[in-house]
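Peer 1: I have a structure I would like to understand better, so I am pasting it below and will then ask my questions one at a time.
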Amino acid sequence: MNFFQSNGKFDRKVRRFTSLLLAVLMIFSGFLFIQGSTENYVYEAAEYKEPMVRVALTLEEEGYTSYAMSCPGGYSFGYINCNTDEFVALGSSSRSSFRADLDNKYYIELKSLKVGDAVKDLRDPNTVMLLDVLLSGYGMPLIPSYHDGFCYRMGPFDSNEEAAVMMEAFMLDIEVQNSINAESGADQYILDIGVFDCDGSSVAFSAQGGETLFCFSTSNQSLALAVKPLDEEAFTTSGSYYYPGIFEFRRIVSSGEDALITVNVLPLETYVPGVASREIFSTWPLETHKIFAVIVRTFTVRSGQRHGDIYSDVCYKSDCQAYRGYNRVNDTILQAAQETEGLVLTYNSKLAQVYYSAVAGGSTVSCDEGWYSAVIPYLSAKPTPWERYKDYDKYTSEAEWHVEYTGKELYNKLKSNHSALKGAIADVKINRFCTNSCYVYEMTFTDVYGNTSTVKRSDTIRRQLGLNSANFVVGVNGQTVQRPEYSLDCFPSIYSDGYSGYGEDYLPISSLQAILGNQTAISVPPSGNSVLFSNGAQTLNLSDYNLKVLKSSGHIMVNRAGLPDILNAEIVCKMESVTLSGADGKFIFEGRGWGHGIGFSQYGIWDLCLLGYDFETVLQYHLSGSEVVHLQELGY
């Protein structure tokens, strides 16, 4: 695989699988025929240009002044244009260990050389030999540099004065040489030379041991020092991480900060596996990674310059998307990215806003009730009754949790945001839950003096209380409280009373129905049915076939895996009683979920894939009315 190919080219068909394999249902001679359909998308290589992604690996507030790195085979070094991502090489080194640093030194800078009337090319080997002769005896090697054009620097020096003294001595020798040349009729040496005083853009690239290989400064903010592996298949190692692509180094001076910003510049389809490997487990099934590849790609392209102040699209942190190179990338993750190459989620032909948290805990929450935002129709609350959050191994304590606060501890959590409160909290009340969600929307706190303060929006509540999520109930020891439990009419919560696990509660065969394309229902006979799928017929005896159809109050669309039709299901709700247990004198928060709960649940999509759902069904369930399309359809 060529990790550094900047144009994504498609010679093959990219297939979008429909969320349901059942497209045509008909009864003929006692048989039920179900025909699956697949849409084929063919993209011409010349029409799709794969976007590049710029990922900040260091941030201004972190205050980095240097960045150590290594690469087998070495680098080409030069500069990159952040608007076009065009890399221009000005030199190379085959060494393996390097560093980039803020450069606060002084240099003698040579921008041009004329011999007689002839302007010499500073990069021509003959010119370099001439300059070496002129500099012999000064112990100043030529350092390839860029200062709004290719140049050479000599040095470094610790002060302007030191550099000026050395330059004056050098120029006196040039004058002597020119006098000799005048007497012999030889050409004069005319140099554009001066002392370079470090400026707000100066960065140096050095080999291990301190030898400066390249210096860079510019008045053009679109340009920055950049390095690219000489071997295009090689990775850059920094610390314990290794990365594909180009590395850019930019000096940012603002608000009292003087920092080195390191940016990894790489193709979108190369970036996607790196994020997927950090956000979900590499061991999760292929279909899960397909889902995540589409989500990551959509988020990245839609984000644009999320960190435009440092000329980056995204950063390495989880608030953009967690990215630490390719340490955890495996064949499954690469396959998922390749099989969904270019696919993104859209709503009304525009890139959808996609968000995800670790575990929803029974339902997601709409973005407008979670955050202070406008209503986004496709980011509405959805039941996630399949989440096995009681069985997430070592992560169960994060997904299902119990927190206790004294009144004083709770006041200390709240006081910076609730000036009306003056002392320990005496009472906590949940005023209402979010719409179609078990997340808390509004709470009121009362202190021991009778002062009250109210907070709204689930994610604000989560952050102010320091909890894993806003999916909780609260009370005191021994108190019984109510919380909503959401599910679908075709898929009850896996923790509903009497439910014993996936695929173990079946509908009576006599009530099994299938849904036609026009949404009308037909009964399925209990035995002797041949089902025609897209790849051939299969005879199913529904009286003993182990379909994973769960208890239902409505009609079921049976796909090949025998799974409920979650895309056309109705939301159902019941109130669940919870008796709280904990220390006397403390407020007990009994909760589920891990994160803001908006959009996708990472563990939730894993659970759906373990049940056999395909990636498009899962995507379209979480984002109502969304479509999976290729970036080419959007003009990329």
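Order determines the names: the first chain of the structure tokens is A, the second B, and so forth; residues in each chain are numbered 1 upward, and ligands are numbered 1 upward as they are shown.
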Excluding segment 111-118 of chain A and residues on its chain fewer than 6 positions from it, collect all residues at most 6 Å away from it, counting only C-alpha atoms, and give them as a list in words.

Peer 2: Cys151, Asp187, Gln188, Tyr189, Ile190, Leu191 and Asp192 of chain A

Peer 1: Among segment 181-211 of chain A, which ones does DSSP assign to helix (DSSP H, G or I) (computed from the backbone)? Answer as a list in words.

Peer 2: Asn181, Ala182, Glu183 and Ser184 of chain A

Peer 1: Can you spit out the residues from that selection as a CSV table (one decimal), in the first residue's frame, using N, CA and C atoms?

Peer 2:
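File produced: again.csv:
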```csv
chain,number,residue,atom,x,y,z
A,181,ASN,N,41.2,40.2,-8.9
A,181,ASN,CA,40.5,39.9,-10.2
A,181,ASN,C,40.5,41.1,-11.1
A,182,ALA,N,40.3,42.3,-10.6
A,182,ALA,CA,40.3,43.5,-11.4
A,182,ALA,C,41.7,43.7,-12.2
A,183,GLU,N,42.7,43.4,-11.5
A,183,GLU,CA,44.1,43.5,-12.1
A,183,GLU,C,44.3,42.5,-13.2
A,184,SER,N,43.7,41.3,-13.0
A,184,SER,CA,43.9,40.2,-14.0
A,184,SER,C,42.8,40.2,-15.0
```

Peer 1: Pick out the closest residue to Ile174 of chain A from this set: A:Cys434, A:Leu90, A:Leu102, A:Leu135. Count only C-alpha atoms.

Peer 2: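 Among the listed residues, the smallest separation from Ile174 of chain A belongs to A:Leu135.
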
Peer 1: Extract, using only C-alpha atoms, all DNA, RNA and protein residues at most 12 Å from Glu442 of chain A, discarding same-chain residues fewer than 6 positions from it, and format them as a list in words.

Peer 2: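 The contact residues come out as Glu369, Gly370, Val428, Lys429, Ile430, Asn431, Arg432, Phe433, Cys434, Thr435, Ser453, Thr454, Val455, Lys456, Arg457, Ser458, Asp459, Thr460, Ile461, Arg462, Ala470 and Asn471 of chain A.
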
Peer 1: Hey, can you spit out that residue selection with C-alpha atoms as a tab-separated table (two decimals), in the first residue's frame?

Peer 2:
```
chain	number	residue	atom	x	y	z
A	369	GLU	CA	-30.91	18.88	24.63
A	370	GLY	CA	-27.36	17.70	25.21
A	428	VAL	CA	-31.39	17.52	44.64
A	429	LYS	CA	-34.29	17.22	42.22
A	430	ILE	CA	-34.46	15.98	38.62
A	431	ASN	CA	-37.07	18.23	37.00
A	432	ARG	CA	-37.25	16.31	33.73
A	433	PHE	CA	-35.44	13.89	31.48
A	434	CYS	CA	-34.56	14.59	27.85
A	435	THR	CA	-37.10	13.77	25.14
A	453	SER	CA	-30.15	27.01	41.40
A	454	THR	CA	-31.18	25.18	38.24
A	455	VAL	CA	-29.04	23.75	35.45
A	456	LYS	CA	-30.16	22.64	31.99
A	457	ARG	CA	-28.71	20.54	29.16
A	458	SER	CA	-27.44	17.02	29.79
A	459	ASP	CA	-23.79	17.53	28.91
A	460	THR	CA	-23.59	20.66	31.07
A	461	ILE	CA	-25.00	18.60	33.95
A	462	ARG	CA	-22.48	15.82	33.33
A	470	ALA	CA	-26.02	12.54	32.48
A	471	ASN	CA	-27.80	9.18	32.25
```

Peer 1: For atom CA of Val265 of chain A and atom CA of Leu351 of chain A, quote the distance in Å rounded to one decimal.

Peer 2: 22.3 Å

Peer 1: Using only C-alpha atoms, which of A:Ser601, A:Gly139, A:Trp284, A:Val473 sits nearest Gly362 of chain A?

Peer 2: A:Ser601

Peer 1: Determine the nearest neighbour of Ile605 of chain A from the options A:Pro385, A:Gly325, A:Gly245, A:Gly194, counting only C-alpha atoms.

Peer 2: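 Looking only at the distances to Ile605 of chain A, the closest residue turns out to be A:Pro385.
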
Peer 1: I need the residue nearest Ser145 of chain A from this list: A:Asp85, A:Asp391, A:Asp607, A:Glu109. Use only C-alpha atoms for the distance.

Peer 2: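 Between A:Asp85, A:Asp391, A:Asp607, A:Glu109, the residue approaching Ser145 of chain A most closely is A:Glu109.
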
Peer 1: List as an mmCIF file with N, CA and C atoms, in the first residue's frame the protein and nucleic acid residues near segment 376-384 of chain A, meaning an atom at most 7 Å away when only C-alpha atoms are counted, but skip any in the same chain fewer than 3 places from it.

Peer 2:
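Output file selection_8.cif is given in full below:
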```cif
data_model
loop_
_atom_site.group_PDB
_atom_site.id
_atom_site.type_symbol
_atom_site.label_atom_id
_atom_site.label_comp_id
_atom_site.auth_asym_id
_atom_site.auth_seq_id
_atom_site.Cartn_x
_atom_site.Cartn_y
_atom_site.Cartn_z
ATOM 1 N N GLY A 362 -28.370 2.800 27.084
ATOM 2 C CA GLY A 362 -29.798 2.545 26.933
ATOM 3 C C GLY A 362 -30.490 3.483 25.983
ATOM 4 N N SER A 363 -29.933 4.684 25.792
ATOM 5 C CA SER A 363 -30.460 5.614 24.785
ATOM 6 C C SER A 363 -29.414 6.691 24.540
ATOM 7 N N THR A 364 -29.481 7.290 23.356
ATOM 8 C CA THR A 364 -28.680 8.475 23.091
ATOM 9 C C THR A 364 -29.512 9.693 23.497
ATOM 10 N N VAL A 365 -29.007 10.898 23.208
ATOM 11 C CA VAL A 365 -29.708 12.125 23.541
ATOM 12 C C VAL A 365 -29.617 13.063 22.350
ATOM 13 N N SER A 366 -30.663 13.846 22.097
ATOM 14 C CA SER A 366 -30.626 14.776 20.968
ATOM 15 C C SER A 366 -29.606 15.875 21.231
ATOM 16 N N CYS A 367 -28.994 16.373 20.155
ATOM 17 C CA CYS A 367 -27.903 17.340 20.321
ATOM 18 C C CYS A 367 -28.382 18.642 20.951
ATOM 19 N N GLU A 387 -27.340 -2.573 24.140
ATOM 20 C CA GLU A 387 -26.031 -2.352 24.768
ATOM 21 C C GLU A 387 -25.836 -3.281 25.971
ATOM 22 N N ASN A 436 -37.470 11.395 24.773
ATOM 23 C CA ASN A 436 -37.152 10.047 24.273
ATOM 24 C C ASN A 436 -35.776 9.568 24.724
ATOM 25 N N SER A 437 -35.374 9.965 25.907
ATOM 26 C CA SER A 437 -34.019 9.635 26.373
ATOM 27 C C SER A 437 -34.030 9.488 27.888
ATOM 28 N N TYR A 486 -36.049 3.030 27.646
ATOM 29 C CA TYR A 486 -36.487 3.093 26.248
ATOM 30 C C TYR A 486 -36.041 1.852 25.486
ATOM 31 N N SER A 487 -36.905 1.411 24.572
ATOM 32 C CA SER A 487 -36.560 0.311 23.687
ATOM 33 C C SER A 487 -37.369 0.475 22.409
ATOM 34 N N LEU A 488 -37.315 -0.519 21.532
ATOM 35 C CA LEU A 488 -38.076 -0.518 20.291
ATOM 36 C C LEU A 488 -39.152 -1.594 20.366
ATOM 37 N N GLY A 599 -25.356 11.167 19.219
ATOM 38 C CA GLY A 599 -24.947 10.490 17.991
ATOM 39 C C GLY A 599 -24.771 9.000 18.174
ATOM 40 N N GLY A 604 -22.142 0.525 21.560
ATOM 41 C CA GLY A 604 -23.436 0.167 20.998
ATOM 42 C C GLY A 604 -23.341 -0.345 19.576
ATOM 43 N N HIS A 622 -28.801 5.355 13.637
ATOM 44 C CA HIS A 622 -28.376 6.403 14.562
ATOM 45 C C HIS A 622 -28.609 7.805 14.015
ATOM 46 N N LEU A 623 -28.534 7.977 12.702
ATOM 47 C CA LEU A 623 -28.768 9.279 12.078
ATOM 48 C C LEU A 623 -29.979 9.153 11.155
ATOM 49 N N SER A 624 -31.144 9.477 11.682
ATOM 50 C CA SER A 624 -32.392 9.292 10.943
ATOM 51 C C SER A 624 -32.386 10.084 9.646
ATOM 52 N N GLY A 625 -32.750 9.405 8.550
ATOM 53 C CA GLY A 625 -32.852 10.087 7.268
ATOM 54 C C GLY A 625 -31.532 10.322 6.578
#
```

Peer 1: So, with only C-alpha atoms as the atoms that count, which of A:Leu286, A:Val572, A:Val55, A:Ala224 lies closest to Tyr316 of chain A?

Peer 2: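 Going through A:Leu286, A:Val572, A:Val55, A:Ala224 one by one, the smallest distance to Tyr316 of chain A is for A:Val55.
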
Peer 1: How many Å lie between atom CA of Ser66 of chain A and atom CA of Tyr326 of chain A, rounded to one decimal?

Peer 2: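 Straight-line distance from atom CA of Ser66 of chain A to atom CA of Tyr326 of chain A works out to 22.2 Å.
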
Peer 1: Using only C-alpha atoms, which of the listed residues (A:Ile598, A:Leu122, A:Cys438, A:Leu634) sits closest to Asp368 of chain A?

Peer 2: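 The shortest atom-to-atom distance to Asp368 of chain A comes from A:Ile598.
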
Peer 1: Near Gly210 of chain A, counting only C-alpha atoms, which residues have an atom at most 9 Å away, once you skip same-chain residues fewer than 3 positions from it, shown as a PDB file with N, CA and C atoms, in the first residue's frame?

Peer 2:
```pdb
ATOM      1  N   PHE A  98      16.554  12.727  13.900  1.00  0.00           N
ATOM      2  CA  PHE A  98      16.505  14.162  13.615  1.00  0.00           C
ATOM      3  C   PHE A  98      15.718  14.878  14.703  1.00  0.00           C
ATOM      4  N   ARG A  99      15.721  16.216  14.605  1.00  0.00           N
ATOM      5  CA  ARG A  99      14.892  17.032  15.468  1.00  0.00           C
ATOM      6  C   ARG A  99      14.617  18.363  14.788  1.00  0.00           C
ATOM      7  N   SER A 206      17.641  19.568  12.267  1.00  0.00           N
ATOM      8  CA  SER A 206      18.993  19.113  12.556  1.00  0.00           C
ATOM      9  C   SER A 206      19.062  17.602  12.623  1.00  0.00           C
ATOM     10  N   ALA A 207      20.264  17.086  12.419  1.00  0.00           N
ATOM     11  CA  ALA A 207      20.523  15.659  12.606  1.00  0.00           C
ATOM     12  C   ALA A 207      20.856  15.406  14.060  1.00  0.00           C
TER      13      ALA A 207
END
```

Peer 1: Within segment 291-493 of chain A, find each residue whose DSSP state, derived from the backbone, is strand (DSSP E or B), and express the selection as a PyMOL selection string.

Peer 2: chain A and resi 307+312+314-315+343-347+350-351+356-357+359+363+383+400-405+425-433+440-447+452-456+471-475+480-488+491

Peer 1: Which neighbours of Leu414 of chain A fall inside 9 Å, counting only C-alpha atoms, when residues of the same chain fewer than 5 positions from it are skipped, and could you give them as a list in words?

Peer 2: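 In the requested form, the answer reads Glu409, Ser419, Leu421, Gln464 and Leu465 of chain A.
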
Peer 1: Within 12 Å of Leu110 of chain A, counting only C-alpha atoms, which residues qualify if same-chain residues fewer than 5 places away don't, as a PyMOL selection string?

Peer 2: chain A and resi 122+128+131+135+142-147+149-155+167+170-171+190-196
